[in-house]
Every structure is written in C-alpha cells, then in structure tokens.
Amino acid sequence: MEHTYRVIDEALNALHAEVAAMGELAVAQLSGAVDAFLRHDRDAAARIASGDPRLDEMDAGIERRAVRFIALHQPMADDLRAPIAAMKTAMNLERCGDLAKNIAKRTPQLSGAPDAEIARGVGELGALVARRLGEVVAAYKASDADAAKDVWEKDTEIDELHEKVFRQILEEMSGHPSLIEASTHLLFITKNLERIGDHATNIAELVCYEATGGELSDRPKAS
C-alpha cells in the first residue's frame, strides 16, 4: 500500500510540475508580446507568435498524463481534484498563449508606434495582466488558496483599467478617422489582455478547488 501511495504522489507531483512549467512559459509569452508591442519590435513579435505551438504541445501532454492517471489509479476525493485542476489549468494557460500570440501578430500590422499616452495605457494594462497571471501561476505552484483568492478578488482592477484604455482608444479613433485601422488593432490588443485576465481568475478558482475542494463564486464586478 505504501508503494501505491508513493507512485500516486510521484505521478501527481510530475503533473503539477508540468503545469507549473507551462504557466511560466505562458507568462513569458505574454510579457514578451507586451514588450514587443511597446518597442514596436516586429522581429520580437514574430518570435513570440512562433513560440505558441510549444504551449499547445504542453497542454496536450498534460491532458494525456492526467487522463492516464485517472484511468490507472481511479482516484477519489483529494487525488481526483488534482488531475482535473491540472487539465483545466493547462487549458486556460493554452488560451492565454493563443491570446498572447494574437497580440504579437497585431504588432507588425501597426504602421508605427501608437500615441504615447495610449501606448502607456496599453503597457500599464499589459503589465498588470502579466503580474496577475504570474501571481496565479505562483499560487498554483505553491497550492496556495489564499494567494489565488487574492488574484481572483483583484480581477476588477484589470476590468477597470481595460475600460479606461478602451475609451481612450475610441476617443482617438473618433477624433482622427485616419487612425481607424491602427485603433482597431489596439482595441483587439486591449481586449485580448482583458481576456487573459479572465483566464487568470479561472485558474485562481481551480487552485482553490484543488487545495480546498470548495469553489469561489460571485466574481467581483467592476464598479
């Protein structure tokens, strides 16, 4: 029996480590996409976009590992929550990678660096989202439900900043019709950042579920 427990623990630890590594890569992809946008670095943006398949591969591998664990060990209660949370966390991280790739792909489509104030706003939003994603990945690595809940409760900060930057871009677009195409790309970039923030809160909910068996509900809304 002790041998069985050890095998289960080793399998869960390996699965946990693989999800944590995927999370670190997703954070790096997002930070790189935001940095490439701010510097209008087309080569860096292309490198970020080309790195997305690695996240897809990791997501598929984690799903296979989790399904195999469930099939072999038929876990109950606590041991069942771990592979379920791992699969769902990996799925959210894969979506974060897709959204980071979309941000990177739009950077070369901008004819030049955007208005300084708007670029500053998008950069601030990007930094905040990357910080929250990094925090929730750290919470997953540590199985820290309190830290995850803190990220979940701060989701309104991302929503409020997104709305502010979104309005700035719309005002710029309405005042300068020649900037409509560039502004449209900027609107998509800010929306992608806001959606990554949503995935970070999804992961926070999964961390709490895995650690405690409970669920967070009634996500805070922006005022």
# chains A, B, ... in the order shown; residues from 1 in each chain; ligands from 1

call {"tool": "closest_atom_pairs", "arguments": {"of": "range 15-76 of chain A", "to": "range 177-198 of chain A", "cutoff": "12 Å", "atoms": "only C-alpha atoms", "output": "CSV"}}
result
residue,atom,partner,partner_atom,distance
A:Ala26,CA,A:Ile196,CA,10.3
A:Val27,CA,A:Ile196,CA,10.3
A:Gln29,CA,A:Ile196,CA,11.8
A:Leu30,CA,A:Leu193,CA,8.9
A:Ser31,CA,A:Leu193,CA,10.9
A:Ala33,CA,A:Ile189,CA,10.1
A:Val34,CA,A:Leu193,CA,9.3
A:Phe37,CA,A:Ile189,CA,9.4
A:Leu38,CA,A:Leu186,CA,11.6

call {"tool": "residues_around", "arguments": {"residues": "Ala11 in chain A", "least_positions_apart": "2", "cutoff": "12 Å", "atoms": "only C-alpha atoms", "output": "list of chain:residue names"}}
result
A:Thr4, A:Tyr5, A:Arg6, A:Val7, A:Ile8, A:Asp9, A:Asn13, A:Ala14, A:Leu15, A:His16, A:Ala17, A:Glu18, A:Ile62, A:Arg65, A:Ala66, A:Val67, A:Arg68, A:Phe69, A:Ile70, A:Leu72, A:His73, A:Pro75, A:Asp79, A:Ala82, A:Pro83

call {"tool": "write_last_selection", "arguments": {"atoms": "N, CA and C atoms", "output": "CSV table (one decimal), in the first residue's frame"}}
result
chain,number,residue,atom,x,y,z
A,4,THR,N,2.0,2.0,-3.4
A,4,THR,CA,1.0,2.6,-4.2
A,4,THR,C,0.8,4.1,-3.9
A,5,TYR,N,0.9,4.5,-2.7
A,5,TYR,CA,0.8,5.9,-2.3
A,5,TYR,C,1.9,6.7,-2.9
A,6,ARG,N,3.1,6.1,-2.9
A,6,ARG,CA,4.3,6.8,-3.4
A,6,ARG,C,4.2,7.0,-4.9
A,7,VAL,N,3.7,5.9,-5.6
A,7,VAL,CA,3.5,6.0,-7.0
A,7,VAL,C,2.5,7.1,-7.4
A,8,ILE,N,1.4,7.2,-6.6
A,8,ILE,CA,0.4,8.2,-6.8
A,8,ILE,C,1.0,9.6,-6.6
A,9,ASP,N,1.7,9.8,-5.5
A,9,ASP,CA,2.3,11.1,-5.2
A,9,ASP,C,3.3,11.5,-6.2
A,13,ASN,N,2.9,14.8,-8.5
A,13,ASN,CA,4.0,15.8,-8.4
A,13,ASN,C,4.5,16.1,-9.8
A,14,ALA,N,4.7,15.1,-10.6
A,14,ALA,CA,5.1,15.3,-12.0
A,14,ALA,C,4.1,16.1,-12.8
A,15,LEU,N,2.9,15.8,-12.7
A,15,LEU,CA,1.8,16.5,-13.4
A,15,LEU,C,1.8,18.0,-12.9
A,16,HIS,N,1.9,18.2,-11.6
A,16,HIS,CA,1.9,19.5,-11.1
A,16,HIS,C,3.1,20.3,-11.6
A,17,ALA,N,4.2,19.7,-11.7
A,17,ALA,CA,5.4,20.4,-12.2
A,17,ALA,C,5.3,20.8,-13.6
A,18,GLU,N,4.7,19.9,-14.4
A,18,GLU,CA,4.5,20.2,-15.8
A,18,GLU,C,3.5,21.4,-16.1
A,62,ILE,N,-0.2,17.3,-20.9
A,62,ILE,CA,-0.8,17.3,-19.6
A,62,ILE,C,-2.2,16.6,-19.6
A,65,ARG,N,-1.5,12.9,-19.7
A,65,ARG,CA,-0.9,12.5,-18.4
A,65,ARG,C,-2.1,12.4,-17.4
A,66,ALA,N,-2.9,13.4,-17.3
A,66,ALA,CA,-4.0,13.4,-16.3
A,66,ALA,C,-5.0,12.3,-16.6
A,67,VAL,N,-5.4,12.1,-17.8
A,67,VAL,CA,-6.3,11.1,-18.2
A,67,VAL,C,-5.8,9.7,-17.8
A,68,ARG,N,-4.5,9.5,-18.1
A,68,ARG,CA,-3.8,8.2,-17.8
A,68,ARG,C,-3.8,8.0,-16.3
A,69,PHE,N,-3.5,9.0,-15.6
A,69,PHE,CA,-3.5,8.9,-14.1
A,69,PHE,C,-4.9,8.5,-13.6
A,70,ILE,N,-5.9,9.1,-14.1
A,70,ILE,CA,-7.3,8.7,-13.6
A,70,ILE,C,-7.6,7.3,-14.0
A,72,LEU,N,-5.6,4.8,-14.6
A,72,LEU,CA,-4.7,3.8,-13.9
A,72,LEU,C,-5.1,3.7,-12.4
A,73,HIS,N,-5.3,4.8,-11.8
A,73,HIS,CA,-5.4,4.8,-10.3
A,73,HIS,C,-6.9,5.0,-9.8
A,75,PRO,N,-8.7,7.6,-8.9
A,75,PRO,CA,-8.6,8.3,-7.6
A,75,PRO,C,-9.9,8.8,-7.1
A,79,ASP,N,-7.3,13.2,-4.4
A,79,ASP,CA,-6.4,12.8,-5.5
A,79,ASP,C,-7.1,13.0,-6.9
A,82,ALA,N,-6.8,16.9,-8.2
A,82,ALA,CA,-5.5,17.4,-8.7
A,82,ALA,C,-5.5,17.2,-10.3
A,83,PRO,N,-5.7,16.0,-10.8
A,83,PRO,CA,-5.7,15.9,-12.3
A,83,PRO,C,-6.7,16.7,-13.0

call {"tool": "closest_residue", "arguments": {"among": "A:Leu125, A:Asp98, A:Met87, A:Asp56", "to": "Val165 in chain A", "atoms": "only C-alpha atoms"}}
result
A:Leu125

call {"tool": "residues_around", "arguments": {"residues": "range 41-49 of chain A", "least_positions_apart": "3", "cutoff": "6 Å", "atoms": "only C-alpha atoms", "output": "list in words"}}
result
Ala36, Asp52, Lys101, Ala104 and Pro108 of chain A

call {"tool": "closest_residue", "arguments": {"among": "A:Leu99, A:Cys208, A:Met76, A:Leu133", "to": "Met22 in chain A", "atoms": "only C-alpha atoms"}}
result
A:Leu133

call {"tool": "closest_residue", "arguments": {"among": "A:Ile84, A:Ala60, A:Ala116, A:Ile158", "to": "Arg131 in chain A", "atoms": "only C-alpha atoms"}}
result
A:Ile158

call {"tool": "closest_residue", "arguments": {"among": "A:Val19, A:Ala127, A:Met58, A:Ala204", "to": "Lys149 in chain A", "atoms": "only C-alpha atoms"}}
result
A:Ala204

call {"tool": "atom_distance", "arguments": {"atom1": "CA of Ala145 in chain A", "atom2": "CA of Val207 in chain A"}}
result
6.0 Å

call {"tool": "residues_around", "arguments": {"residues": "Lys164 in chain A", "least_positions_apart": "4", "cutoff": "12 Å", "atoms": "only C-alpha atoms", "output": "PyMOL selection string"}}
result
chain A and resi 117-118+120-122+124-125+157-160+168-171+187+190-191+194+222

call {"tool": "decode", "arguments": {"residues": "range 188-199 of chain A", "atoms": "N, CA and C atoms", "output": "mmCIF file, in the first residue's frame"}}
result
data_model
loop_
_atom_site.group_PDB
_atom_site.id
_atom_site.type_symbol
_atom_site.label_atom_id
_atom_site.label_comp_id
_atom_site.auth_asym_id
_atom_site.auth_seq_id
_atom_site.Cartn_x
_atom_site.Cartn_y
_atom_site.Cartn_z
ATOM 1 N N PHE A 188 -8.339 45.438 -30.210
ATOM 2 C CA PHE A 188 -8.228 43.989 -30.092
ATOM 3 C C PHE A 188 -7.128 43.596 -29.103
ATOM 4 N N ILE A 189 -6.021 44.333 -29.107
ATOM 5 C CA ILE A 189 -4.931 44.040 -28.184
ATOM 6 C C ILE A 189 -5.402 44.200 -26.743
ATOM 7 N N THR A 190 -6.099 45.303 -26.456
ATOM 8 C CA THR A 190 -6.566 45.523 -25.080
ATOM 9 C C THR A 190 -7.610 44.475 -24.692
ATOM 10 N N LYS A 191 -8.457 44.078 -25.635
ATOM 11 C CA LYS A 191 -9.455 43.052 -25.328
ATOM 12 C C LYS A 191 -8.782 41.716 -25.045
ATOM 13 N N ASN A 192 -7.740 41.390 -25.814
ATOM 14 C CA ASN A 192 -7.015 40.151 -25.560
ATOM 15 C C ASN A 192 -6.387 40.158 -24.174
ATOM 16 N N LEU A 193 -5.862 41.304 -23.749
ATOM 17 C CA LEU A 193 -5.286 41.409 -22.412
ATOM 18 C C LEU A 193 -6.352 41.199 -21.342
ATOM 19 N N GLU A 194 -7.516 41.795 -21.546
ATOM 20 C CA GLU A 194 -8.600 41.637 -20.575
ATOM 21 C C GLU A 194 -9.041 40.177 -20.490
ATOM 22 N N ARG A 195 -9.046 39.494 -21.610
ATOM 23 C CA ARG A 195 -9.447 38.083 -21.618
ATOM 24 C C ARG A 195 -8.403 37.205 -20.915
ATOM 25 N N ILE A 196 -7.134 37.553 -21.045
ATOM 26 C CA ILE A 196 -6.111 36.820 -20.304
ATOM 27 C C ILE A 196 -6.336 36.996 -18.806
ATOM 28 N N GLY A 197 -6.735 38.207 -18.404
ATOM 29 C CA GLY A 197 -7.075 38.431 -17.004
ATOM 30 C C GLY A 197 -8.202 37.518 -16.547
ATOM 31 N N ASP A 198 -9.174 37.296 -17.401
ATOM 32 C CA ASP A 198 -10.274 36.374 -17.069
ATOM 33 C C ASP A 198 -9.756 34.954 -16.887
ATOM 34 N N HIS A 199 -8.832 34.548 -17.745
ATOM 35 C CA HIS A 199 -8.265 33.203 -17.607
ATOM 36 C C HIS A 199 -7.464 33.085 -16.313
#
